[in-house]
file query.tsv (TSV, C-alpha atoms)
chain	number	residue	atom	x	y	z
A	1	MET	CA	124.74	122.22	91.16
A	2	PHE	CA	127.04	121.55	88.22
A	3	VAL	CA	125.67	121.94	84.73
A	4	VAL	CA	127.02	121.47	81.18
A	5	VAL	CA	126.40	124.23	78.58
A	6	ALA	CA	127.91	124.99	75.10
A	7	GLY	CA	129.40	128.27	73.77
A	8	VAL	CA	131.10	129.97	70.82
A	9	LEU	CA	132.37	133.53	70.82
A	10	ALA	CA	130.31	135.86	68.63
A	11	THR	CA	131.82	138.50	66.32
A	12	THR	CA	129.85	141.51	67.52
A	13	SER	CA	131.35	143.64	70.27
A	14	ARG	CA	131.39	147.15	71.63
A	15	THR	CA	133.54	148.98	74.19
A	16	ILE	CA	132.16	150.43	77.42
A	17	LYS	CA	134.30	152.97	79.27
A	18	THR	CA	134.32	152.91	83.06
A	19	GLY	CA	136.58	153.89	85.92
A	20	ASP	CA	139.36	151.55	87.02
A	21	ASN	CA	138.90	149.31	90.04
A	22	GLU	CA	135.12	149.80	90.06
A	23	VAL	CA	134.19	146.39	88.62
A	24	PRO	CA	135.55	143.10	90.04
A	25	LEU	CA	137.28	140.97	87.44
A	26	ALA	CA	137.96	137.29	86.83
A	27	ARG	CA	140.69	135.74	84.72
A	28	VAL	CA	139.91	133.41	81.81
A	29	GLN	CA	141.60	130.14	82.74
A	30	TYR	CA	142.62	127.01	80.86
A	31	GLY	CA	142.18	123.58	82.44
A	32	ASP	CA	139.77	120.75	83.20
A	33	LEU	CA	136.10	121.29	84.06
A	34	ASP	CA	134.54	118.71	86.37
A	35	LEU	CA	130.82	118.37	85.55
A	36	ARG	CA	129.58	116.92	88.80
A	37	VAL	CA	126.00	117.48	89.90
A	38	TYR	CA	125.13	117.99	93.55
A	39	ALA	CA	121.66	117.30	94.91
A	40	THR	CA	119.73	116.21	97.96
A	41	GLY	CA	117.40	113.23	98.01
A	42	GLU	CA	115.18	111.01	100.12
A	43	LEU	CA	115.30	107.24	100.28
A	44	ARG	CA	112.06	105.64	99.13
A	45	ALA	CA	110.94	102.04	98.89
A	46	ASN	CA	109.68	100.69	95.57
A	47	HIS	CA	107.84	97.71	97.06
A	48	THR	CA	105.86	97.95	100.30
A	49	MET	CA	102.89	96.08	101.72
A	50	VAL	CA	100.53	97.64	104.24
A	51	LEU	CA	99.37	95.62	107.26
A	52	THR	CA	95.97	96.53	108.70
A	53	ALA	CA	93.91	95.61	111.72
A	54	PRO	CA	91.65	92.65	110.88
A	55	PRO	CA	88.10	93.55	109.74
A	56	VAL	CA	86.24	91.93	112.64
A	57	GLY	CA	83.07	93.12	114.30
A	58	GLY	CA	82.74	94.11	117.92
A	59	GLY	CA	84.34	97.57	118.09
A	60	ALA	CA	87.93	98.62	118.75
A	61	LEU	CA	90.85	96.18	118.98
A	62	GLN	CA	93.68	96.49	121.49
A	63	ILE	CA	97.29	95.93	120.42
A	64	THR	CA	99.08	93.54	122.78
A	65	ARG	CA	102.37	93.12	120.91
A	66	LEU	CA	104.04	95.19	118.20
A	67	LEU	CA	107.49	95.10	116.60
A	68	HIS	CA	109.47	98.34	116.41
A	69	THR	CA	110.26	100.32	113.27
A	70	GLY	CA	113.31	98.92	111.52
A	71	ALA	CA	112.83	95.35	112.75
A	72	SER	CA	113.84	92.76	110.18
A	73	VAL	CA	111.20	90.10	109.47
A	74	LYS	CA	110.82	87.01	107.34
A	75	LYS	CA	107.66	86.04	105.52
A	76	GLY	CA	105.22	84.61	108.09
A	77	ASP	CA	106.73	86.35	111.14
A	78	VAL	CA	104.16	88.00	113.42
A	79	VAL	CA	104.46	91.79	113.18
A	80	PHE	CA	101.70	92.70	115.65
A	81	GLU	CA	98.80	91.04	117.44
A	82	PHE	CA	95.62	92.01	119.27
A	83	ASP	CA	93.83	90.90	122.44
A	84	PRO	CA	91.67	87.88	121.44
A	85	SER	CA	89.61	87.77	124.69
A	86	GLU	CA	86.36	88.96	123.12
A	87	GLN	CA	86.65	86.53	120.23
A	88	ARG	CA	87.43	83.66	122.60
A	89	PHE	CA	84.29	84.50	124.59
A	90	LYS	CA	82.27	84.41	121.36
A	91	LEU	CA	83.90	81.10	120.48
A	92	GLU	CA	82.92	79.48	123.80
A	93	GLN	CA	79.45	80.97	123.64
A	94	SER	CA	78.83	79.68	120.13
A	95	ARG	CA	80.29	76.27	121.06
A	96	SER	CA	77.77	76.05	123.94
A	97	GLU	CA	74.95	77.04	121.57
A	98	LEU	CA	76.14	74.39	119.12
A	99	LEU	CA	76.00	71.64	121.76
A	100	GLN	CA	72.56	72.80	122.87
A	101	ALA	CA	71.31	72.78	119.28
A	102	GLU	CA	72.66	69.27	118.74
A	103	GLN	CA	70.80	68.10	121.87
A	104	GLU	CA	67.63	69.74	120.59
A	105	ILE	CA	68.05	67.93	117.28
A	106	THR	CA	68.44	64.59	119.07
A	107	LYS	CA	65.36	65.28	121.22
A	108	ALA	CA	63.29	66.47	118.26
A	109	MET	CA	64.19	63.38	116.24
A	110	ALA	CA	63.39	61.12	119.23
A	111	ASP	CA	60.05	62.86	119.82
A	112	ALA	CA	59.21	62.52	116.15
A	113	ALA	CA	60.04	58.81	116.24
A	114	VAL	CA	57.83	58.28	119.33
A	115	GLN	CA	54.98	60.22	117.77
A	116	ALA	CA	55.32	58.23	114.55
A	117	ALA	CA	55.10	54.96	116.49
A	118	GLU	CA	52.03	56.12	118.39
A	119	ASP	CA	50.41	57.30	115.16
A	120	LYS	CA	51.12	53.94	113.55
A	121	VAL	CA	49.37	52.07	116.35
A	122	ALA	CA	46.42	54.49	116.32
A	123	LEU	CA	46.16	54.13	112.54
A	124	LEU	CA	46.03	50.32	112.77
A	125	LYS	CA	43.31	50.55	115.44
A	126	ALA	CA	41.25	53.03	113.40
A	127	ARG	CA	41.47	50.85	110.30
A	128	PHE	CA	40.46	47.86	112.37
A	129	ASP	CA	37.44	49.81	113.69
A	130	VAL	CA	36.42	50.68	110.13
A	131	ARG	CA	36.74	47.06	109.02
A	132	ARG	CA	34.70	45.82	111.97
A	133	ALA	CA	31.98	48.39	111.30
A	134	GLU	CA	31.86	47.31	107.66
A	135	LEU	CA	31.30	43.69	108.75
A	136	GLU	CA	28.47	44.75	111.02
A	137	VAL	CA	26.81	46.66	108.19
A	138	GLN	CA	26.86	43.49	106.08
A	139	LYS	CA	24.45	41.94	108.68
A	140	ASN	CA	21.86	44.69	108.24
A	141	GLU	CA	19.54	42.38	106.23
A	142	LEU	CA	19.35	40.04	109.18
A	143	VAL	CA	18.77	42.62	111.93
A	144	SER	CA	16.12	45.10	112.74
A	145	VAL	CA	15.92	48.46	111.10
A	146	ILE	CA	17.12	50.22	114.23
A	147	ASP	CA	20.18	47.97	114.56
A	148	ALA	CA	20.92	48.40	110.87
A	149	LYS	CA	20.80	52.16	111.34
A	150	LYS	CA	23.15	51.89	114.30
A	151	ASN	CA	25.60	49.80	112.28
A	152	GLN	CA	25.59	52.37	109.49
A	153	LEU	CA	26.24	55.24	111.93
A	154	ALA	CA	29.06	53.26	113.55
A	155	LEU	CA	30.70	52.76	110.14
A	156	GLU	CA	30.50	56.47	109.30
A	157	GLN	CA	31.97	57.37	112.68
A	158	ALA	CA	34.82	54.88	112.21
A	159	LYS	CA	35.60	56.26	108.74
A	160	GLY	CA	35.50	59.84	110.09
A	161	ALA	CA	37.85	58.94	112.92
A	162	LEU	CA	40.24	57.28	110.44
A	163	ALA	CA	40.23	60.33	108.15
A	164	LYS	CA	40.85	62.68	111.09
A	165	LEU	CA	43.65	60.46	112.36
A	166	GLN	CA	45.30	60.46	108.95
A	167	GLN	CA	45.20	64.25	108.93
A	168	ASP	CA	46.63	64.35	112.43
A	169	ILE	CA	49.42	61.99	111.41
A	170	GLU	CA	50.33	64.26	108.49
A	171	SER	CA	50.33	67.24	110.86
A	172	HIS	CA	52.48	65.36	113.40
A	173	THR	CA	54.95	64.40	110.65
A	174	ALA	CA	55.21	67.97	109.33
A	175	SER	CA	55.51	69.41	112.84
A	176	GLY	CA	58.20	66.93	113.84
A	177	HIS	CA	60.13	67.58	110.63
A	178	ALA	CA	59.89	71.37	111.17
A	179	THR	CA	61.12	71.01	114.74
A	180	VAL	CA	64.13	69.03	113.55
A	181	LEU	CA	64.88	71.55	110.78
A	182	LEU	CA	64.62	74.43	113.24
A	183	ALA	CA	67.08	72.76	115.59
A	184	GLN	CA	69.40	71.99	112.67
A	185	GLU	CA	69.27	75.63	111.57
A	186	LYS	CA	70.13	76.69	115.09
A	187	ARG	CA	73.05	74.28	115.04
A	188	ASN	CA	74.27	75.60	111.65
A	189	LYS	CA	74.10	79.18	112.90
A	190	ALA	CA	76.04	78.29	116.04
A	191	LYS	CA	78.60	76.41	113.94
A	192	LEU	CA	79.02	79.40	111.61
A	193	THR	CA	79.46	81.76	114.56
A	194	MET	CA	81.98	79.42	116.13
A	195	ASP	CA	83.99	79.09	112.92
A	196	GLN	CA	83.96	82.86	112.45
A	197	ALA	CA	85.15	83.40	116.02
A	198	GLN	CA	87.93	80.86	115.45
A	199	GLN	CA	88.98	82.65	112.26
A	200	ASN	CA	88.91	86.00	114.05
A	201	ILE	CA	91.18	84.60	116.77
A	202	GLU	CA	93.64	83.53	114.08
A	203	LYS	CA	93.39	87.03	112.55
A	204	MET	CA	94.46	88.57	115.84
A	205	GLN	CA	98.03	87.79	114.78
A	206	VAL	CA	99.09	89.71	111.66
A	207	ALA	CA	102.12	88.24	109.89
A	208	ALA	CA	104.56	89.68	107.37
A	209	PRO	CA	103.56	88.82	103.78
A	210	MET	CA	107.19	89.01	102.63
A	211	ASP	CA	110.75	89.44	103.85
A	212	GLY	CA	111.65	93.01	104.70
A	213	LEU	CA	111.79	95.76	107.28
A	214	VAL	CA	108.96	96.92	109.53
A	215	SER	CA	107.79	100.53	109.46
A	216	ILE	CA	105.15	101.43	112.09
A	217	GLU	CA	102.46	103.91	111.03
A	218	ARG	CA	101.50	106.99	113.02
A	219	ASN	CA	98.44	106.75	115.27
A	220	ALA	CA	96.46	109.78	114.15
A	221	GLY	CA	93.53	108.74	116.35
A	222	SER	CA	95.59	108.89	119.54
A	223	MET	CA	95.25	112.69	119.74
A	224	GLY	CA	91.47	112.63	119.57
A	225	GLU	CA	89.81	115.99	118.93
A	226	MET	CA	92.91	117.85	120.14
A	227	ALA	CA	94.89	117.15	116.95
A	228	PHE	CA	95.95	120.17	114.88
A	229	SER	CA	98.09	120.83	111.83
A	230	GLY	CA	101.83	120.46	112.45
A	231	MET	CA	101.33	118.49	115.64
A	232	SER	CA	103.74	115.60	116.28
A	233	ILE	CA	101.80	112.35	116.04
A	234	PRO	CA	103.20	109.25	117.82
A	235	ASP	CA	103.56	105.84	116.24
A	236	TYR	CA	101.30	102.95	117.20
A	237	ARG	CA	102.48	101.08	120.27
A	238	ALA	CA	101.35	98.19	122.46
A	239	GLY	CA	98.22	99.07	124.43
A	240	ASP	CA	96.70	101.32	121.76
A	241	GLN	CA	93.16	100.68	120.60
A	242	VAL	CA	92.47	100.77	116.87
A	243	ARG	CA	89.49	100.45	114.61
A	244	PRO	CA	89.22	97.35	112.38
A	245	GLY	CA	90.79	98.01	109.00
A	246	SER	CA	93.21	100.70	110.25
A	247	ALA	CA	96.72	100.67	108.74
A	248	ILE	CA	99.15	99.75	111.54
A	249	ALA	CA	102.46	99.04	109.81
A	250	GLN	CA	104.24	98.47	106.52
A	251	VAL	CA	106.67	95.79	105.46
A	252	ILE	CA	109.27	97.28	103.15
A	253	ASP	CA	111.41	95.36	100.69
A	254	ALA	CA	114.84	96.64	101.72
A	255	GLY	CA	116.36	95.37	98.49
A	256	GLN	CA	114.23	97.71	96.36
A	257	MET	CA	114.91	101.21	97.61
A	258	ASP	CA	115.94	104.22	95.51
A	259	LEU	CA	116.90	107.79	96.25
A	260	ALA	CA	114.42	110.28	94.83
A	261	SER	CA	115.83	113.70	94.00
A	262	LYS	CA	115.34	116.77	91.81
A	263	ILE	CA	117.85	118.68	89.71
A	264	GLY	CA	117.63	122.07	88.01
A	265	GLU	CA	117.27	122.72	84.31
A	266	GLN	CA	120.93	123.69	84.01
A	267	ASP	CA	122.00	120.38	85.55
A	268	ARG	CA	119.75	118.24	83.35
A	269	GLY	CA	122.28	117.97	80.51
A	270	ASN	CA	124.96	116.67	82.87
A	271	VAL	CA	122.95	113.72	84.20
A	272	MET	CA	122.55	110.55	82.15
A	273	LEU	CA	121.35	107.03	82.87
A	274	GLY	CA	123.98	104.75	84.36
A	275	GLN	CA	126.25	107.50	85.65
A	276	PRO	CA	127.93	106.66	88.96
A	277	ALA	CA	127.00	108.59	92.08
A	278	GLU	CA	128.28	108.99	95.60
A	279	VAL	CA	125.76	109.22	98.43
A	280	GLU	CA	126.16	110.24	102.05
A	281	PHE	CA	123.12	109.88	104.29
A	282	ASP	CA	122.59	112.57	106.91
A	283	ALA	CA	121.90	109.92	109.56
A	284	LEU	CA	125.04	107.93	108.63
A	285	ALA	CA	127.59	110.73	108.41
A	286	GLY	CA	131.09	109.76	107.39
A	287	GLN	CA	130.08	106.76	105.26
A	288	THR	CA	129.83	107.05	101.49
A	289	PHE	CA	127.56	104.73	99.52
A	290	ARG	CA	127.85	103.99	95.83
A	291	GLY	CA	124.99	104.26	93.40
A	292	THR	CA	124.00	104.77	89.78
A	293	VAL	CA	121.49	107.01	88.05
A	294	LYS	CA	118.43	104.84	87.48
A	295	THR	CA	115.93	107.27	85.93
A	296	VAL	CA	116.01	110.84	84.64
A	297	GLY	CA	112.79	112.73	84.11
A	298	GLY	CA	112.09	114.06	80.62
A	299	MET	CA	109.73	116.82	81.73
A	300	SER	CA	110.43	119.62	84.18
A	301	THR	CA	108.08	120.62	86.96
A	302	ARG	CA	107.72	123.92	88.75
A	303	GLN	CA	105.99	124.78	92.01
A	304	LEU	CA	103.60	127.72	92.16
A	305	TRP	CA	105.69	129.44	94.82
A	306	GLU	CA	108.85	129.04	92.70
A	307	SER	CA	107.81	131.32	89.83
A	308	ASN	CA	111.25	132.91	89.63
A	309	ALA	CA	113.13	129.63	89.71
A	310	GLY	CA	113.82	127.28	86.84
A	311	GLY	CA	112.01	123.99	86.43
A	312	LYS	CA	113.06	120.82	88.19
A	313	PHE	CA	113.65	117.34	86.77
A	314	ASP	CA	113.03	114.18	88.79
A	315	ILE	CA	115.86	111.67	89.01
A	316	SER	CA	116.35	108.47	90.99
A	317	ILE	CA	119.55	106.88	92.26
A	318	GLN	CA	119.83	103.13	92.81
A	319	ILE	CA	122.02	102.32	95.82
A	320	SER	CA	124.60	99.62	95.06
A	321	ASP	CA	125.72	99.01	98.65
A	322	GLU	CA	123.45	97.12	101.04
A	323	ASP	CA	123.21	98.19	104.66
A	324	PRO	CA	120.57	97.12	107.22
A	325	ARG	CA	120.57	100.65	108.63
A	326	LEU	CA	119.05	102.09	105.46
A	327	ARG	CA	115.41	103.03	105.98
A	328	PRO	CA	112.84	104.76	103.80
A	329	GLY	CA	112.67	108.45	104.64
A	330	LEU	CA	116.41	108.93	105.20
A	331	THR	CA	117.73	112.08	103.55
A	332	ALA	CA	121.04	112.15	101.73
A	333	GLN	CA	123.55	114.34	99.94
A	334	ILE	CA	124.11	113.14	96.36
A	335	VAL	CA	127.03	113.74	94.00
A	336	VAL	CA	126.46	112.52	90.45
A	337	LEU	CA	129.92	111.92	88.97
A	338	GLY	CA	129.47	113.42	85.53
A	339	GLU	CA	132.06	113.55	82.77
A	340	LYS	CA	135.16	115.76	82.92
A	341	LYS	CA	135.89	118.28	80.17
A	342	LYS	CA	139.65	118.42	79.63
A	343	GLY	CA	141.62	121.29	78.16
A	344	VAL	CA	138.95	123.98	78.00
A	345	LEU	CA	138.86	127.71	78.63
A	346	TYR	CA	136.47	128.61	81.42
A	347	VAL	CA	135.20	131.63	83.34
A	348	PRO	CA	133.02	131.95	86.46
A	349	ARG	CA	129.32	131.69	85.70
A	350	GLN	CA	128.98	135.04	87.45
A	351	ALA	CA	130.75	136.57	84.44
A	352	LEU	CA	127.93	135.57	82.06
A	353	PHE	CA	125.13	138.04	81.42
A	354	MET	CA	121.92	138.07	79.39
A	355	LYS	CA	121.36	140.99	76.99
A	356	ASP	CA	118.45	141.09	74.54
A	357	GLY	CA	118.08	137.31	74.83
A	358	LYS	CA	121.80	136.70	74.15
A	359	ARG	CA	124.58	135.47	76.45
A	360	ILE	CA	127.47	137.95	76.69
A	361	VAL	CA	130.62	138.68	78.67
A	362	TYR	CA	132.30	142.01	79.38
A	363	LEU	CA	135.97	141.62	78.39
A	364	LYS	CA	138.41	144.05	79.99
A	365	SER	CA	139.79	146.38	77.27
A	366	GLY	CA	142.02	149.25	78.33
A	367	LYS	CA	140.05	151.47	80.68
A	368	GLY	CA	136.73	150.03	79.57
A	369	PHE	CA	135.02	146.80	78.68
A	370	GLU	CA	134.25	145.15	75.39
A	371	GLN	CA	130.81	143.55	75.22
A	372	ARG	CA	130.90	140.24	73.40
A	373	GLU	CA	128.12	137.84	72.56
A	374	VAL	CA	129.04	134.26	73.48
A	375	LYS	CA	127.61	130.78	73.40
A	376	ILE	CA	128.47	128.45	76.21
A	377	GLN	CA	130.39	125.25	75.52
A	378	SER	CA	129.72	123.64	78.88
A	379	GLU	CA	129.21	124.67	82.49
A	380	ASN	CA	128.88	123.38	85.99
A	381	GLU	CA	127.58	124.97	89.17
A	382	SER	CA	130.27	127.65	89.35
A	383	ARG	CA	132.15	127.74	86.03
A	384	ALA	CA	131.36	127.85	82.32
A	385	ALA	CA	133.58	126.73	79.43
A	386	VAL	CA	133.56	129.13	76.48
A	387	GLU	CA	135.19	129.27	73.06
A	388	GLY	CA	136.93	132.23	71.46
A	389	LEU	CA	138.51	133.73	74.57
A	390	SER	CA	142.17	133.58	75.39
A	391	ALA	CA	143.72	132.44	78.60
A	392	ASP	CA	144.48	135.17	81.12
A	393	GLU	CA	142.06	137.64	79.60
A	394	LYS	CA	139.88	139.33	82.19
A	395	VAL	CA	136.11	139.52	82.29
A	396	ALA	CA	133.78	141.51	84.53
A	397	LEU	CA	131.90	139.83	87.36
A	398	LEU	CA	129.37	142.67	87.53
A	399	ASP	CA	127.57	144.40	84.70
A	400	PRO	CA	129.56	147.61	84.11
A	401	THR	CA	126.60	149.16	82.28
A	402	ALA	CA	124.24	148.77	85.23
A	403	PRO	CA	123.39	152.07	86.99
A	404	LYS	CA	125.04	152.53	90.34
A	405	LYS	CA	122.96	152.90	93.46
A	406	ALA	CA	123.34	156.17	95.32
A	407	GLY	CA	125.77	155.91	98.22
A	408	SER	CA	127.05	152.50	97.19
A	409	GLY	CA	130.43	151.61	95.84
A	410	ALA	CA	131.55	148.62	93.85
A	411	THR	CA	133.90	146.16	95.44
A	412	PRO	CA	137.17	146.04	93.52
A	413	GLY	CA	139.09	142.86	93.06
A	414	ALA	CA	139.84	140.01	90.72
A	415	VAL	CA	139.30	136.26	90.74
A	416	GLU	CA	142.44	134.40	89.74

call {"tool": "encode", "arguments": {"input": "query.tsv", "output": "structure tokens"}}
result
Amino acid sequence: MFVVVAGVLATTSRTIKTGDNEVPLARVQYGDLDLRVYATGELRANHTMVLTAPPVGGGALQITRLLHTGASVKKGDVVFEFDPSEQRFKLEQSRSELLQAEQEITKAMADAAVQAAEDKVALLKARFDVRRAELEVQKNELVSVIDAKKNQLALEQAKGALAKLQQDIESHTASGHATVLLAQEKRNKAKLTMDQAQQNIEKMQVAAPMDGLVSIERNAGSMGEMAFSGMSIPDYRAGDQVRPGSAIAQVIDAGQMDLASKIGEQDRGNVMLGQPAEVEFDALAGQTFRGTVKTVGGMSTRQLWESNAGGKFDISIQISDEDPRLRPGLTAQIVVLGEKKKGVLYVPRQALFMKDGKRIVYLKSGKGFEQREVKIQSENESRAAVEGLSADEKVALLDPTAPKKAGSGATPGAVE
């Protein structure tokens, strides 16, 4: 990857003697340095919405229709649907219970009305009996003692019968009212069950909440207990059974997708917001897409297993060209078109060495090499621009002070 670095030739130097043709050399050249940055990335969606199986009771749901990954949908289009047979059975069952409850309500209200009429007649008769007994008691002064006693007993019996009848009427009224309420409660329950079944039937069709592209999820449950790490898991398809609430698909906003990538520490200085980029997707070979740098991370990250490597910075590339074939997950080769340094002296990056925390080069001097401390002006993936050197001077590509390995010989040569 191409990186920009700065450098100025230092004044300190020393000469190292070595045999000719033992150290490969490179020539200091004058020209333009193209600071492009090369990276790989993955296309990711910024706005997605997950579609799940409806949260209905009754166990697993069976998919009867399902769009394929990459299908274009509009808001409201059905993405997948389930078999509604069980919910339709519940709907018909609850509708039958509703009709039965309504009939029970009608019967209970009719029975209560009949009982109320009968109680009204009985109450009139009992009151009449009490009134008649009271009139007979008023004659007690004119009749014998025995008849007077009989009249008094008849009045008490009539009053007792009236009181008992009044209690019975209250009981009949309460019982009739309770019977009606019970039937009404049964009707309400059946109505609630019927409405819920109707809603569940409507939920059997899951529609897209926005315009976008469909991405079907993987059916991890299809492998059962035989699933193991690294195993290829198939996508959901028609005929599969799923648990309520399971994620089945995603709708992706195709207009809000960016390439996510990482660049090395040396490349960080060459990447700035708004820089143009060229992108070629591995699945769409031969076609170049245009883009711009959207974000550049300000903090580097490093993986535990990359202890010897430099940190990485996250960047994102916004694709300018629209293409219906673009899908999240596509990998791509990225070239960030950085600035071009014109009229600079540059050497291969291989010619730069680190000694005591300082950057140096080994400049060819007679039969030896002159060690010079340098600061880099700018660099890309393969070359570094330096100050203080002259064109056509030669620098070592290997450290001439490094001890030679037994039985090994250096490869002579020069880089023009």

call {"tool": "residues_near_point", "arguments": {"input": "query.tsv", "point": "(113.7, 98.7, 94.9)", "cutoff": "7 Å", "atoms": "only C-alpha atoms", "output": "ChimeraX atom specification"}}
result
/A:45-47,255-258

call {"tool": "atom_distance", "arguments": {"input": "query.tsv", "atom1": "CA of Lys294 (chain A)", "atom2": "CA of Gln275 (chain A)"}}
result
8.5 Å

call {"tool": "atom_distance", "arguments": {"input": "query.tsv", "atom1": "CA of Val23 (chain A)", "atom2": "CA of Ala391 (chain A)"}}
result
19.6 Å

call {"tool": "closest_residue", "arguments": {"input": "query.tsv", "among": "A:Ser171, A:Ser94, A:Gln166, A:Gln103", "to": "Lys191 (chain A)", "atoms": "only C-alpha atoms"}}
result
A:Ser94

call {"tool": "closest_residue", "arguments": {"input": "query.tsv", "among": "A:Ile334, A:Ala161, A:Leu259, A:Ile317", "to": "Glu278 (chain A)", "atoms": "all atoms listed in the file"}}
result
A:Ile334

call {"tool": "closest_residue", "arguments": {"input": "query.tsv", "among": "A:Glu379, A:Glu134, A:Glu170, A:Glu370", "to": "Gln157 (chain A)", "atoms": "all atoms listed in the file"}}
result
A:Glu134

call {"tool": "atom_distance", "arguments": {"input": "query.tsv", "atom1": "CA of Pro276 (chain A)", "atom2": "CA of Tyr346 (chain A)"}}
result
24.7 Å

call {"tool": "closest_residue", "arguments": {"input": "query.tsv", "among": "A:Thr179, A:Ser365, A:Gln350, A:Ser232", "to": "Ser382 (chain A)", "atoms": "only C-alpha atoms"}}
result
A:Gln350

call {"tool": "residues_near_point", "arguments": {"input": "query.tsv", "point": "(64.7, 66.0, 116.5)", "cutoff": "8 Å", "atoms": "only C-alpha atoms", "output": "list of chain:residue names"}}
result
A:Glu104, A:Ile105, A:Thr106, A:Lys107, A:Ala108, A:Met109, A:Ala110, A:Asp111, A:Ala112, A:Gly176, A:His177, A:Thr179, A:Val180, A:Leu181, A:Ala183

call {"tool": "closest_residue", "arguments": {"input": "query.tsv", "among": "A:Leu397, A:Ile248, A:Leu51, A:Ala39", "to": "Ile63 (chain A)", "atoms": "all atoms listed in the file"}}
result
A:Ile248

call {"tool": "residues_around", "arguments": {"input": "query.tsv", "residues": "Val386 (chain A)", "least_positions_apart": "3", "cutoff": "6 Å", "atoms": "all atoms listed in the file", "output": "list in words"}}
result
Gly7, Leu345, Tyr346, Ile376 and Gln377 of chain A

call {"tool": "residues_around", "arguments": {"input": "query.tsv", "residues": "Ile263 (chain A)", "least_positions_apart": "6", "cutoff": "8 Å", "atoms": "all atoms listed in the file", "output": "PyMOL selection string"}}
result
chain A and resi 1+39+312-315

call {"tool": "closest_residue", "arguments": {"input": "query.tsv", "among": "A:Ser215, A:Ser378, A:Gln87, A:Gln371", "to": "Gly70 (chain A)", "atoms": "all atoms listed in the file"}}
result
A:Ser215

call {"tool": "residues_around", "arguments": {"input": "query.tsv", "residues": "Lys74 (chain A)", "least_positions_apart": "3", "cutoff": "7 Å", "atoms": "all atoms listed in the file", "output": "list of chain:residue names"}}
result
A:Asp77, A:Ala208, A:Met210, A:Asp211, A:Gly212
